[in-house]
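Everything on this sheet refers to the single structure shown next.
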Amino acid sequence: MASLLAGSATRKPEETSPVLPETETDAVVLEDDANEAWEDVPEPHDNCSPQSPSQSTPSRRTQPDLTSTRLYDSWKALIPTLVDIQLDYTARTLGAPLERTPKVLSLCSSHTCAQKRTSLTCLFFDSQTLVSHGLFPTAPSQPRMAISVELLAFYRSLFQRSCDAVNALASALHTHYVRRGYRITNAKGEIIQEPFRRSLGYAIQWFDVLQIEVEHQLEAALQTCRDRVEASRATPAHPQSPGAREEKGLRERCAPILIQRCPACFGGVQFGRDLNKGGDIHVATDGNFHHRHRRSAGDSPHFYDPSYFLPKVQVDTISHHITRSRKSAPKLHVSHVPNEAIDLCENSYEAADGKKQKAAMDSFDDTGLMALICHHDIPLFFANIDSPGEQQKYSVALINHLFSLLPRSATVVTLYDVGCVLSRSLNQYDILPDSIIQCLRFATTAMHAYGHEWACQLVYNPRMIVGLGLSDGEGTERLWSRFVRLIGIQRSSSRQRRLWLIDRHAGAIGLEMRADLGDWIRRRLRRGVEDQGTAARKLLEECEVAVSDLRKEWAMQKESQLSICAHAPARLKKELDTVLALQADLDASDKALQTTRDTIAKGEMSEDTRDAIESLERVHERLMHKVEVLYASLNVQDRFPELDGLNLEFVRTLLLARDLKMNICKRAIGSFFEWDKLDRAVGGSQQALGTKLHQQTRKAIAKRQPALMAALRKFNAYCERLEALYDPHCGIPLPTPLPTRLADLRNDQSLMEDIWITPSTGKVPRWLDDQDVRDGIRAMLKRDRCVEEQQRLGLEADNLCRWFGDELSALELALLTPGYEKFLVPLRQQQEHLQYIQTRWTTSLASAARFASHATDAVSLARKLSGVSEERPLHWINTYAVSYVVPTEDEEPGSETFSDADHTALQPEDAALVDILTAGVPGCEDDDIDIVVNDPGAELCWRIPEDITFDRTPLPEAGIIIPGTVKERVSAPRFGCPRQVFEPKDIALLASRTALLNDSCINGCAVLLYLEAVQLSPMAEQYAILSTHDLPRIRYNAPDDVLWRNMSWTSYWTKEVWILPIHRPSDVGHWVLCIIHLRSKELHLFDSFAERKPWKSDTKDIMKLIARLLSIAQQHDRIFNVNIDIDGWLARPLVTDALQTNGFDCGVWVLAMIAATLHGYHCTALGEGDMHMFRYYLRTLVLQIPVF
């Protein structure tokens, strides 16, 4: 482990002392430690006794002084002299047992010279001698302690996998030596409390600097060879060939630093792909404000040049340029998204607010990081945030730096949380050169797309942009999760050390992710292209709409929803928001008042109490009336002239629903992000939140969830009210109700769509009204993105093969080049690493034979460039055994296994809670907050049952109806059926041969037919007559108590057959019928027009109704006469040919089918010519009700 070469110690008599005497001079040198000198509580020196509490504490130093600067300068002068010695030591010890430290440390290699012994009081070793023997000094001169190089190398590997742990290692070493009987003392014989921390910190820091210097020299040698290889490939074999000259002109390369960081993204040779087709390169950028640095921690002398961080001068130059550019007038530019929508996006996101102070600047001098990553989440560059907020200068500086390393023709798509806002800024002001603007396109990240306006999503959502494939831009979140362990350490480190820690950790992560590129491509092919593409193709087949028609509808939808008039949120007035807020408060008080009345009513209520409650109710009613008057005074029709002429109540409810949905979107998005943070922490992809923070997060979610649930129920009530007030001729499609479970709401595609308030001229467009078209558009977009992703993955696989061949050629050339002999060992190690990643990069898009061909060509090219003519066997190709695929105990041999990143990191294809196009997302909500239940379904088989029977019973003779004034009829409750009210207008509809029946006619006449059937045969009691309002309640997610209150009278749990009339609010409105047979688990569907397509969505709602009613009955301890479940149901039509040719008899046909069902048959034998007689019969049933 560690070899201690100076100091005095108390030891066991029988063991050899590992220490030698030290001098006071060395203690002064080691006093100023860059790692510890800036801490709040100064630690005692290693050669001094612990400081007593009575001693005064020296003032805290936050900036490096002259002594520490000289110390660091000494280290920087020493490091280059150790490179060759370190390389020699590595070559000598690689693959061999560790050398035993000799008793005599000398640079003499023979040890045969005559020896002379002399007693010395103190002996100091030079650093070169120590490193040559595997020991690294803890001071640049006169070191009093040296650390094993192997221990430092092990710690370096440990740091790359975890984080900085100098204190932990120092404490562990101290504990280990104390247990072995060694105690480190100072010159006075006093025990030193922490003898290793400072010295070990020095050794770790400067040993890493030494390794970096070795890597830089090695990289410089390799880059020279890469340039020679590239020059040979760029030079055509036949210069006079026109085709060769053209190929030479097309070959462009990115900067070497980009190619080495991600060869898949930047290893191409041809650039200039149209941005409308996805561009050449996809990157993402995002900021993180957890990686702060305390001002009190101070700084140390400069000792390391970060390779990932942009210099502060470069960022500040961009900042000054942005400030100057914004002083000029904005340029006119054509924006595809209304500015009103982008303004709302800007106000919604903290990232867009550059002035918002996310960290207290008086406590922190560095407040965060801004990262730029590639398509594969590999870190490219960082910008250190040292100003309040996530200002645009950081993202602009990163983008500008990236373009400086790309070919002039390269096109880039940048995904950013507020990409829409940054895009507008760059188009309005001369922040970036036109040459960059023309090659740059922005998109929002998929996970944050939910936070943007729908109009913004149509242009910036990556799932809707042609060419972006499955790029989601959320790799920055996954990157931050890997940096989380550094947060606490870097806050108290010096500013220089903070940058060193982050930069070195980023380098380790980048190398690991580069080796994982093959696994990344395989995961994306399997989870993304294959799974999501298959699901999309299946949906396209089910929607039965041609793809060409879907593309036309999608183009019409974008054109319509991107228009300014369609962007309703920007036209809202504060007065309306105030009224809605006031009404929400009154609704809450009404509920509280009702709860109070119910609570008090359970006990004895005095007259004074009753009067007080009634007085409060009267006051509440007056306030509600004033709210209505206040709303009417807003003159909504004047502000929305397109709604003039429509029913005032319909318009009011429509606008209320629209505004409420905007509020729901904001609340839902917040809940989604909170749940994701909690779920991913539990899943391991982020740092554990801890018990206290975990509980606080859960309580915060639970506290806010009732408000969201109340808003959802209110919105669904508005939808139900709108359906009742709907006029099919108004040209405004009805809004779709929203699920009241968070798991379902996350997957609901209509959540982010604005409510349409503008009447459409002519027929309502299919993209707005036809659910199959809407589903088909989403499936088409998903399929297109999967195809694009597969094409991009193919290009990236080509880049990997090309880089593999070029890198191997450079390595072989370096091995054959004179003067590089000292790099023999690291070059061989890189060869072995290339062989390792060759096995990992082999995919269905890049076969092993293809890589082997590149390897053969690479070696041949290296021999040609080096001038070596003799054949050299490829010793390295098959000498390094790599066990990559290792089946586990529960896996079949030969099955493909992947790294732990499959489970611990949020993959791009799994970030679906904001991907409105992804079919399914696993829910992780807690049971006591949100119960997740799989939606039931029924298989639709479009064949008439074989044993179908027809009711050929003739219509009973109806009495003569004497003309006169028709009064209201109210039937008395009988056989468990509630009373039915028929108003004169309802009876008039039955009297007219061409009138459409309303819900009162359908529900009331169905009950009258049931009562008639029960009187004729007791067998009719097995049927339950459901209402036309029951299925809408399911669609609008009505609470269980509402369903029970309205349906318990049917005693449906005792019935075997349920009769469910259904209304479809289409252009003219249409009545259909579903007969639910519980015992046989069949749905018999009747539509007088024999349409098949609408039943696909209706059967889903019907199965939800069955499941809900089953659950509610069990909650009320009701036992079903039939054992039913929600699996294995079959839906069949009762007719497949249209029975109706007119546009007004559908309701009569439904009642005729109900009558046939109550008589024990499947279908009626009546024809269209009999419908007027059946109307007459229904009318007589109503008029037979006595008038009171």
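Identifiers for the structure tokens are assigned positionally: chains receive A, B, ... in sequence, residues are indexed from 1 per chain, and ligands are indexed from 1 in the order shown.
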
Region 301-314 of chain A: which residues within 9 Å, counting only C-alpha atoms, same-chain residues fewer than 5 positions away excluded, as an MDAnalysis selection string?
chainID A and resid 34 63:65 68:69 72:73 75:76 206 209 319 379:384 397:398 401 496:497 499:500 502:504 506:507

Residues near Leu808 (chain A), anyone? I mean within 7 Å using only C-alpha atoms, not counting same-chain ones fewer than 3 positions away, as a ChimeraX atom specification.
/A:804-805,811-812,855,858

Identify which of the residues A:Lys552, A:His321, A:Arg183, A:Arg485 lies closest to Lys393 (chain A), counting only C-alpha atoms when measuring atom-to-atom distances.
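Of the candidates, the smallest distance to Lys393 (chain A) is held by A:His321.
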
Taking into account only C-alpha atoms, which residue in the set A:Ala1038, A:Val214, A:Cys977, A:Ala862 is nearest to Leu712 (chain A)?
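Of A:Ala1038, A:Val214, A:Cys977, A:Ala862, the one nearest Leu712 (chain A) is A:Ala1038, counting only C-alpha atoms.
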
Within 10 Å of Ser1097 (chain A), counting only C-alpha atoms, which residues show up once you throw out same-chain ones fewer than 5 positions away? Write them as a ChimeraX atom specification, please.
/A:771-772,1102

Which parts of region 1032-1170 of chain A does DSSP call helix (DSSP H, G or I) when run on the backbone here, written out as an NGL selection string?
:A and (1032-1035 or 1040-1050 or 1052-1054 or 1095-1115 or 1146-1158 or 1168-1170)

Could you write those residues out with C-alpha atoms, as a PDB file, in the first residue's frame?
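As written to disk, part.pdb reads:
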ATOM      1  CA  PRO A1032     -70.749   9.831 -20.815  1.00  0.00           C
ATOM      2  CA  ARG A1033     -70.216   9.737 -17.063  1.00  0.00           C
ATOM      3  CA  ILE A1034     -67.608   7.061 -17.622  1.00  0.00           C
ATOM      4  CA  ARG A1035     -66.008   9.062 -20.407  1.00  0.00           C
ATOM      5  CA  ASP A1040     -67.871   6.615  -7.926  1.00  0.00           C
ATOM      6  CA  ASP A1041     -70.467   8.203  -5.675  1.00  0.00           C
ATOM      7  CA  VAL A1042     -72.064   9.950  -8.655  1.00  0.00           C
ATOM      8  CA  LEU A1043     -72.241   6.706 -10.618  1.00  0.00           C
ATOM      9  CA  TRP A1044     -73.686   4.847  -7.663  1.00  0.00           C
ATOM     10  CA  ARG A1045     -76.269   7.510  -6.969  1.00  0.00           C
ATOM     11  CA  ASN A1046     -77.529   7.457 -10.548  1.00  0.00           C
ATOM     12  CA  MET A1047     -77.325   3.734 -11.277  1.00  0.00           C
ATOM     13  CA  SER A1048     -77.974   1.849  -8.062  1.00  0.00           C
ATOM     14  CA  TRP A1049     -81.757   1.920  -8.702  1.00  0.00           C
ATOM     15  CA  THR A1050     -81.259  -0.543 -11.592  1.00  0.00           C
ATOM     16  CA  TYR A1052     -77.512  -4.033 -12.113  1.00  0.00           C
ATOM     17  CA  TRP A1053     -75.507  -6.504 -10.006  1.00  0.00           C
ATOM     18  CA  THR A1054     -78.562  -8.795  -9.905  1.00  0.00           C
ATOM     19  CA  TRP A1095     -67.409   1.028 -32.228  1.00  0.00           C
ATOM     20  CA  LYS A1096     -63.651   0.754 -31.695  1.00  0.00           C
ATOM     21  CA  SER A1097     -63.661   3.644 -29.256  1.00  0.00           C
ATOM     22  CA  ASP A1098     -67.156   2.955 -27.926  1.00  0.00           C
ATOM     23  CA  THR A1099     -66.320  -0.604 -26.878  1.00  0.00           C
ATOM     24  CA  LYS A1100     -63.362   0.689 -24.870  1.00  0.00           C
ATOM     25  CA  ASP A1101     -65.666   3.020 -22.947  1.00  0.00           C
ATOM     26  CA  ILE A1102     -68.237   0.250 -22.503  1.00  0.00           C
ATOM     27  CA  MET A1103     -65.615  -2.046 -21.000  1.00  0.00           C
ATOM     28  CA  LYS A1104     -64.546   0.760 -18.683  1.00  0.00           C
ATOM     29  CA  LEU A1105     -68.169   1.086 -17.611  1.00  0.00           C
ATOM     30  CA  ILE A1106     -68.387  -2.627 -16.848  1.00  0.00           C
ATOM     31  CA  ALA A1107     -65.169  -2.518 -14.828  1.00  0.00           C
ATOM     32  CA  ARG A1108     -66.227   0.586 -12.918  1.00  0.00           C
ATOM     33  CA  LEU A1109     -69.679  -0.796 -12.092  1.00  0.00           C
ATOM     34  CA  LEU A1110     -68.143  -4.067 -10.959  1.00  0.00           C
ATOM     35  CA  SER A1111     -65.743  -2.220  -8.667  1.00  0.00           C
ATOM     36  CA  ILE A1112     -68.416   0.106  -7.268  1.00  0.00           C
ATOM     37  CA  ALA A1113     -70.770  -2.779  -6.491  1.00  0.00           C
ATOM     38  CA  GLN A1114     -67.997  -4.535  -4.598  1.00  0.00           C
ATOM     39  CA  GLN A1115     -67.308  -1.365  -2.632  1.00  0.00           C
ATOM     40  CA  CYS A1146     -82.069   6.223 -35.380  1.00  0.00           C
ATOM     41  CA  GLY A1147     -83.622   6.798 -31.951  1.00  0.00           C
ATOM     42  CA  VAL A1148     -86.766   4.910 -32.940  1.00  0.00           C
ATOM     43  CA  TRP A1149     -84.669   2.019 -34.201  1.00  0.00           C
ATOM     44  CA  VAL A1150     -82.871   1.882 -30.845  1.00  0.00           C
ATOM     45  CA  LEU A1151     -86.169   1.731 -28.929  1.00  0.00           C
ATOM     46  CA  ALA A1152     -87.429  -0.987 -31.290  1.00  0.00           C
ATOM     47  CA  MET A1153     -84.284  -3.025 -30.539  1.00  0.00           C
ATOM     48  CA  ILE A1154     -84.794  -2.495 -26.810  1.00  0.00           C
ATOM     49  CA  ALA A1155     -88.341  -3.807 -27.127  1.00  0.00           C
ATOM     50  CA  ALA A1156     -87.114  -6.899 -29.003  1.00  0.00           C
ATOM     51  CA  THR A1157     -84.447  -7.524 -26.362  1.00  0.00           C
ATOM     52  CA  LEU A1158     -86.972  -7.265 -23.539  1.00  0.00           C
ATOM     53  CA  GLU A1168     -87.912   1.176 -41.997  1.00  0.00           C
ATOM     54  CA  GLY A1169     -91.516   1.457 -43.180  1.00  0.00           C
ATOM     55  CA  ASP A1170     -92.712   0.393 -39.737  1.00  0.00           C
TER      56      ASP A1170
END

Using only C-alpha atoms, determine which residues lie at most 7 Å from region 1012-1022 of chain A, disregarding the query and same-chain residues fewer than 6 positions distant; provide the list as a PyMOL selection string.
chain A and resi 1055-1057+1158-1159

From the set A:Thr62, A:Asp274, A:His833, A:Gly475, which residue has the shortest atom-to-atom contact distance to Asp365 (chain A), counting only C-alpha atoms?
A:Thr62

Which one is closest to Asp366 (chain A): A:Arg778, A:Lys331, A:Gln438, A:His293? Count only C-alpha atoms.
A:His293

Selection: 10 Å around region 154-163 of chain A, only C-alpha atoms, excl. self and same-chain fewer than 4 positions, as JSON, numbers by chain
{"A": [148, 149, 150, 169, 204, 205, 207, 208, 211, 482, 483, 484, 485, 486, 487, 489, 501, 502, 504, 505, 506, 507, 508, 509, 512]}

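The shortest atom-to-atom distance to Glu1082 (chain A), with only C-alpha atoms taken into account, belongs to A:Cys941 out of A:Cys941, A:Leu795, A:Leu768, A:Val283.
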